[in-house]
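Worksheet: one structure, shown below.
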Amino acid sequence: MKFFTRNDILIVIAAFAIVILFVFPRGKASSFAEVYHDGRLVRTIDLSSDSEIFLDVGMVVKVQDGRISVIDSDCPEKLCVSQGAISMTNIPIVCVPNRTLIKIVSSQFEVDAITQ
Amino acid sequence: MIEAKRVTTLSMLMAIGAVLYLLESLIPFPLPIPGGRWGFSNLVLMIALAGLPFGDILTLSIGKSIIGSLLTGRLATPGFLMGVAGTASAAATMWLLNKTRKFGLLGISIAGAAVSNFSQLMVASSLIVKSIEIIFLYPYMLILGSISASINAYVAFEVIRRMGDSLWQD
């Protein structure tokens with residue numbers, strides 16, 4: 001068995017291409033965050049004013065300086081808390097035990113409307 | 001290969017895999033994914049590729065996940081389901097790519113990691129979070145997965161180079 005063949009370069013390039021395709025932020029971040037539970041939109045949060053909001057699923061989110069973070073959750077591992085604050089559209093906060101997802105809405109459509 | 005040797009080698013690799021599974025859970029994983037792991041235990045799959053049939057590789061991948069998650073206390077959690085789906089699909093991908101005889105261990109390992117991460121996220125998005133948005137974590141998993149996959153490939157290559165014959169021949 002060989003460690004490396006020329007065909008391996010193709011696999012490495014394909015992996016790079018996937019990363020680059022995904023990581024480029026799609027559209028500028030708007031000042032709204034959406035909270036999904038079980039795939040349904042349950043709440044829209046305005047990021048332009050600082051606040052602390054209790055969500056029914058057992059999570060407390062905090063909005064500060066246009067960034068949103070989960071500061072408390074009743075899930076066992078609290079991975080969503082340790083993820084910190086997000087302000088970009090390309091990575092959401094995910095809490096798998098609570099089946100909840102928080103993402104920043106992309107303002108791409110607003111930009112398109114203006115440029116048109 | 002005689003039957004007794006095949007069973008012994010499979011058990012030995014499964015034991016090593018379960019221990020690696022336990023040890024790697026001690027290394028913090030920097031992404032917010034439940035049961036997110038580096039995937040170093042898939043090293044034994046790469047060693048098994050060299051000489052075991054497909055059924056045994058699949059048994060090995062699922063077996064090491066079950067034993068490993070018993071040891072870490074993660075059995076039957078969402079993370080465990082994701083792990084089993086990931087490792088089984090990685091085993092199938094790596095076996096197929098190895099069959100073509102066109103790829104080296106590095107490419108096989110990275111492709112296995114990429115498929116494994118993808119099926120983990122698919123399980124999470126279809127069964128648990130019920131949202132496709134979680135797929136945006138994929139590139140970050142892919143970067144981390146490629147790092148551990150490269151390490152796996154190198155270690156597996158050295159193991160096979162040094163003791164491949166004594167592992168697989170009677």
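Residues in the structure tokens are numbered from 1 in each chain, the chains being A, B, ... in the order shown, and ligands are numbered from 1 in the order shown.
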Discussion item. DSSP on the backbone: which residues in chain A end up as alpha helix (DSSP H)? Give the answer as a ChimeraX atom specification.
Written reply: /A:6-23,79-82,108-115
Save the residues we just selected, C-alpha atoms, as a short mmCIF file (atom, residue, chain, number, x, y, z; two decimals), in the first residue's frame?
data_model
loop_
_atom_site.label_atom_id
_atom_site.label_comp_id
_atom_site.auth_asym_id
_atom_site.auth_seq_id
_atom_site.Cartn_x
_atom_site.Cartn_y
_atom_site.Cartn_z
CA ARG A 6 -1.22 11.34 -7.71
CA ASN A 7 -4.97 10.67 -7.45
CA ASP A 8 -4.84 11.73 -3.80
CA ILE A 9 -4.22 15.29 -4.94
CA LEU A 10 -7.73 15.25 -6.46
CA ILE A 11 -9.26 14.31 -3.12
CA VAL A 12 -7.30 17.02 -1.29
CA ILE A 13 -8.33 19.62 -3.89
CA ALA A 14 -11.97 18.52 -3.64
CA ALA A 15 -11.86 18.90 0.15
CA PHE A 16 -10.34 22.38 -0.18
CA ALA A 17 -12.98 23.37 -2.73
CA ILE A 18 -15.79 22.32 -0.38
CA VAL A 19 -14.27 24.31 2.49
CA ILE A 20 -13.84 27.44 0.36
CA LEU A 21 -17.35 27.17 -1.10
CA PHE A 22 -18.89 26.93 2.34
CA VAL A 23 -16.78 29.35 4.33
CA LEU A 79 -21.65 23.40 23.98
CA CYS A 80 -23.87 26.23 22.77
CA VAL A 81 -22.72 28.35 25.73
CA SER A 82 -19.05 27.65 25.12
CA GLN A 108 -28.50 39.70 0.85
CA PHE A 109 -32.07 40.24 -0.27
CA GLU A 110 -32.20 43.76 1.12
CA VAL A 111 -28.98 44.60 -0.73
CA ASP A 112 -30.39 43.17 -3.94
CA ALA A 113 -33.56 45.19 -3.58
CA ILE A 114 -31.55 48.39 -3.20
CA THR A 115 -29.20 47.72 -6.09
#
With chain A as the partner and 6 Å as the cut-off, tabulate the residues of chain B that qualify, each row holding the nearest pair of atoms and their distance in Å to one decimal, using only C-alpha atoms, sorted by chain and rising number, as JSON lines.
{"residue": "B:Pro32", "atom": "CA", "partner": "A:Leu79", "partner_atom": "CA", "distance": 5.1}
{"residue": "B:Phe103", "atom": "CA", "partner": "A:Asn7", "partner_atom": "CA", "distance": 5.7}
{"residue": "B:Gly104", "atom": "CA", "partner": "A:Phe4", "partner_atom": "CA", "distance": 4.3}
{"residue": "B:Leu105", "atom": "CA", "partner": "A:Phe3", "partner_atom": "CA", "distance": 4.7}
{"residue": "B:Leu106", "atom": "CA", "partner": "A:Phe4", "partner_atom": "CA", "distance": 5.8}
{"residue": "B:Gly107", "atom": "CA", "partner": "A:Asp8", "partner_atom": "CA", "distance": 4.4}
{"residue": "B:Val129", "atom": "CA", "partner": "A:Arg99", "partner_atom": "CA", "distance": 4.3}
{"residue": "B:Lys130", "atom": "CA", "partner": "A:Gly39", "partner_atom": "CA", "distance": 4.9}
{"residue": "B:Ser131", "atom": "CA", "partner": "A:Gly39", "partner_atom": "CA", "distance": 4.7}
{"residue": "B:Phe136", "atom": "CA", "partner": "A:Ile91", "partner_atom": "CA", "distance": 5.9}
{"residue": "B:Pro139", "atom": "CA", "partner": "A:Val19", "partner_atom": "CA", "distance": 4.6}
Item to complete: Considering only C-alpha atoms, return as number ranges by chain whatever protein or nucleic-acid residues lie within 9 Å of Gly36 of chain B, sequence-local ones (same chain, fewer than 6 positions apart) excluded.
Response: B: 25, 29-30, 79, 82-83, 141
Using only C-alpha atoms, determine which residues lie at most 10 Å from segment 142-144 of chain B, disregarding the query and same-chain residues fewer than 4 positions distant; provide the list as a PDB file with N, CA and C atoms, in the first residue's frame.
ATOM      1  N   ALA A  15     -11.576  18.504  -1.240  1.00  0.00           N
ATOM      2  CA  ALA A  15     -11.858  18.895   0.146  1.00  0.00           C
ATOM      3  C   ALA A  15     -11.672  20.398   0.326  1.00  0.00           C
ATOM      4  N   PHE A  16     -10.584  20.936  -0.247  1.00  0.00           N
ATOM      5  CA  PHE A  16     -10.341  22.377  -0.180  1.00  0.00           C
ATOM      6  C   PHE A  16     -11.479  23.158  -0.819  1.00  0.00           C
ATOM      7  N   ILE A  18     -14.592  22.331  -1.215  1.00  0.00           N
ATOM      8  CA  ILE A  18     -15.793  22.321  -0.376  1.00  0.00           C
ATOM      9  C   ILE A  18     -15.664  23.349   0.740  1.00  0.00           C
ATOM     10  N   VAL A  19     -14.474  23.361   1.383  1.00  0.00           N
ATOM     11  CA  VAL A  19     -14.269  24.309   2.486  1.00  0.00           C
ATOM     12  C   VAL A  19     -14.439  25.737   1.995  1.00  0.00           C
TER      13      VAL A  19
ATOM     14  N   PHE B  29     -12.532  18.843  21.692  1.00  0.00           N
ATOM     15  CA  PHE B  29     -12.856  19.065  20.282  1.00  0.00           C
ATOM     16  C   PHE B  29     -13.436  20.464  20.165  1.00  0.00           C
ATOM     17  N   PRO B  30     -12.827  21.319  19.354  1.00  0.00           N
ATOM     18  CA  PRO B  30     -13.184  22.751  19.398  1.00  0.00           C
ATOM     19  C   PRO B  30     -14.476  23.134  18.685  1.00  0.00           C
ATOM     20  N   LEU B  31     -15.272  22.195  18.222  1.00  0.00           N
ATOM     21  CA  LEU B  31     -16.520  22.569  17.548  1.00  0.00           C
ATOM     22  C   LEU B  31     -17.727  22.203  18.400  1.00  0.00           C
ATOM     23  N   ARG B  37     -15.804  14.344  17.774  1.00  0.00           N
ATOM     24  CA  ARG B  37     -14.518  13.762  18.138  1.00  0.00           C
ATOM     25  C   ARG B  37     -13.545  13.939  16.988  1.00  0.00           C
ATOM     26  N   TRP B  38     -12.268  13.739  17.309  1.00  0.00           N
ATOM     27  CA  TRP B  38     -11.244  13.903  16.278  1.00  0.00           C
ATOM     28  C   TRP B  38     -11.285  12.766  15.276  1.00  0.00           C
ATOM     29  N   GLY B  39     -11.635  11.578  15.725  1.00  0.00           N
ATOM     30  CA  GLY B  39     -11.705  10.449  14.793  1.00  0.00           C
ATOM     31  C   GLY B  39     -10.418   9.654  14.689  1.00  0.00           C
ATOM     32  N   ILE B 110      -8.605  10.903   3.990  1.00  0.00           N
ATOM     33  CA  ILE B 110      -9.294  12.205   3.951  1.00  0.00           C
ATOM     34  C   ILE B 110     -10.705  12.036   3.392  1.00  0.00           C
ATOM     35  N   ALA B 111     -10.839  11.214   2.346  1.00  0.00           N
ATOM     36  CA  ALA B 111     -12.172  10.987   1.785  1.00  0.00           C
ATOM     37  C   ALA B 111     -13.077  10.332   2.824  1.00  0.00           C
ATOM     38  N   ALA B 113     -12.866  10.624   6.073  1.00  0.00           N
ATOM     39  CA  ALA B 113     -13.227  11.639   7.075  1.00  0.00           C
ATOM     40  C   ALA B 113     -14.304  12.562   6.535  1.00  0.00           C
ATOM     41  N   ALA B 114     -14.172  12.946   5.254  1.00  0.00           N
ATOM     42  CA  ALA B 114     -15.148  13.874   4.674  1.00  0.00           C
ATOM     43  C   ALA B 114     -16.535  13.234   4.638  1.00  0.00           C
ATOM     44  N   VAL B 115     -16.607  11.952   4.209  1.00  0.00           N
ATOM     45  CA  VAL B 115     -17.895  11.265   4.154  1.00  0.00           C
ATOM     46  C   VAL B 115     -18.451  11.051   5.560  1.00  0.00           C
ATOM     47  N   SER B 116     -17.551  10.712   6.491  1.00  0.00           N
ATOM     48  CA  SER B 116     -17.968  10.480   7.876  1.00  0.00           C
ATOM     49  C   SER B 116     -18.591  11.739   8.482  1.00  0.00           C
ATOM     50  N   ASN B 117     -17.908  12.879   8.301  1.00  0.00           N
ATOM     51  CA  ASN B 117     -18.441  14.132   8.838  1.00  0.00           C
ATOM     52  C   ASN B 117     -19.773  14.478   8.200  1.00  0.00           C
ATOM     53  N   PHE B 118     -19.860  14.235   6.888  1.00  0.00           N
ATOM     54  CA  PHE B 118     -21.092  14.572   6.176  1.00  0.00           C
ATOM     55  C   PHE B 118     -22.259  13.736   6.703  1.00  0.00           C
ATOM     56  N   LEU B 137     -21.724  23.864   9.574  1.00  0.00           N
ATOM     57  CA  LEU B 137     -20.584  23.468  10.394  1.00  0.00           C
ATOM     58  C   LEU B 137     -19.635  22.562   9.611  1.00  0.00           C
ATOM     59  N   TYR B 138     -20.098  22.093   8.448  1.00  0.00           N
ATOM     60  CA  TYR B 138     -19.334  21.079   7.712  1.00  0.00           C
ATOM     61  C   TYR B 138     -17.903  21.492   7.382  1.00  0.00           C
ATOM     62  N   SER B 148      -6.794  15.197  11.419  1.00  0.00           N
ATOM     63  CA  SER B 148      -6.663  13.907  12.094  1.00  0.00           C
ATOM     64  C   SER B 148      -6.582  12.775  11.072  1.00  0.00           C
ATOM     65  N   ALA B 149      -7.252  12.938   9.912  1.00  0.00           N
ATOM     66  CA  ALA B 149      -7.188  11.897   8.886  1.00  0.00           C
ATOM     67  C   ALA B 149      -5.769  11.752   8.341  1.00  0.00           C
TER      68      ALA B 149
END
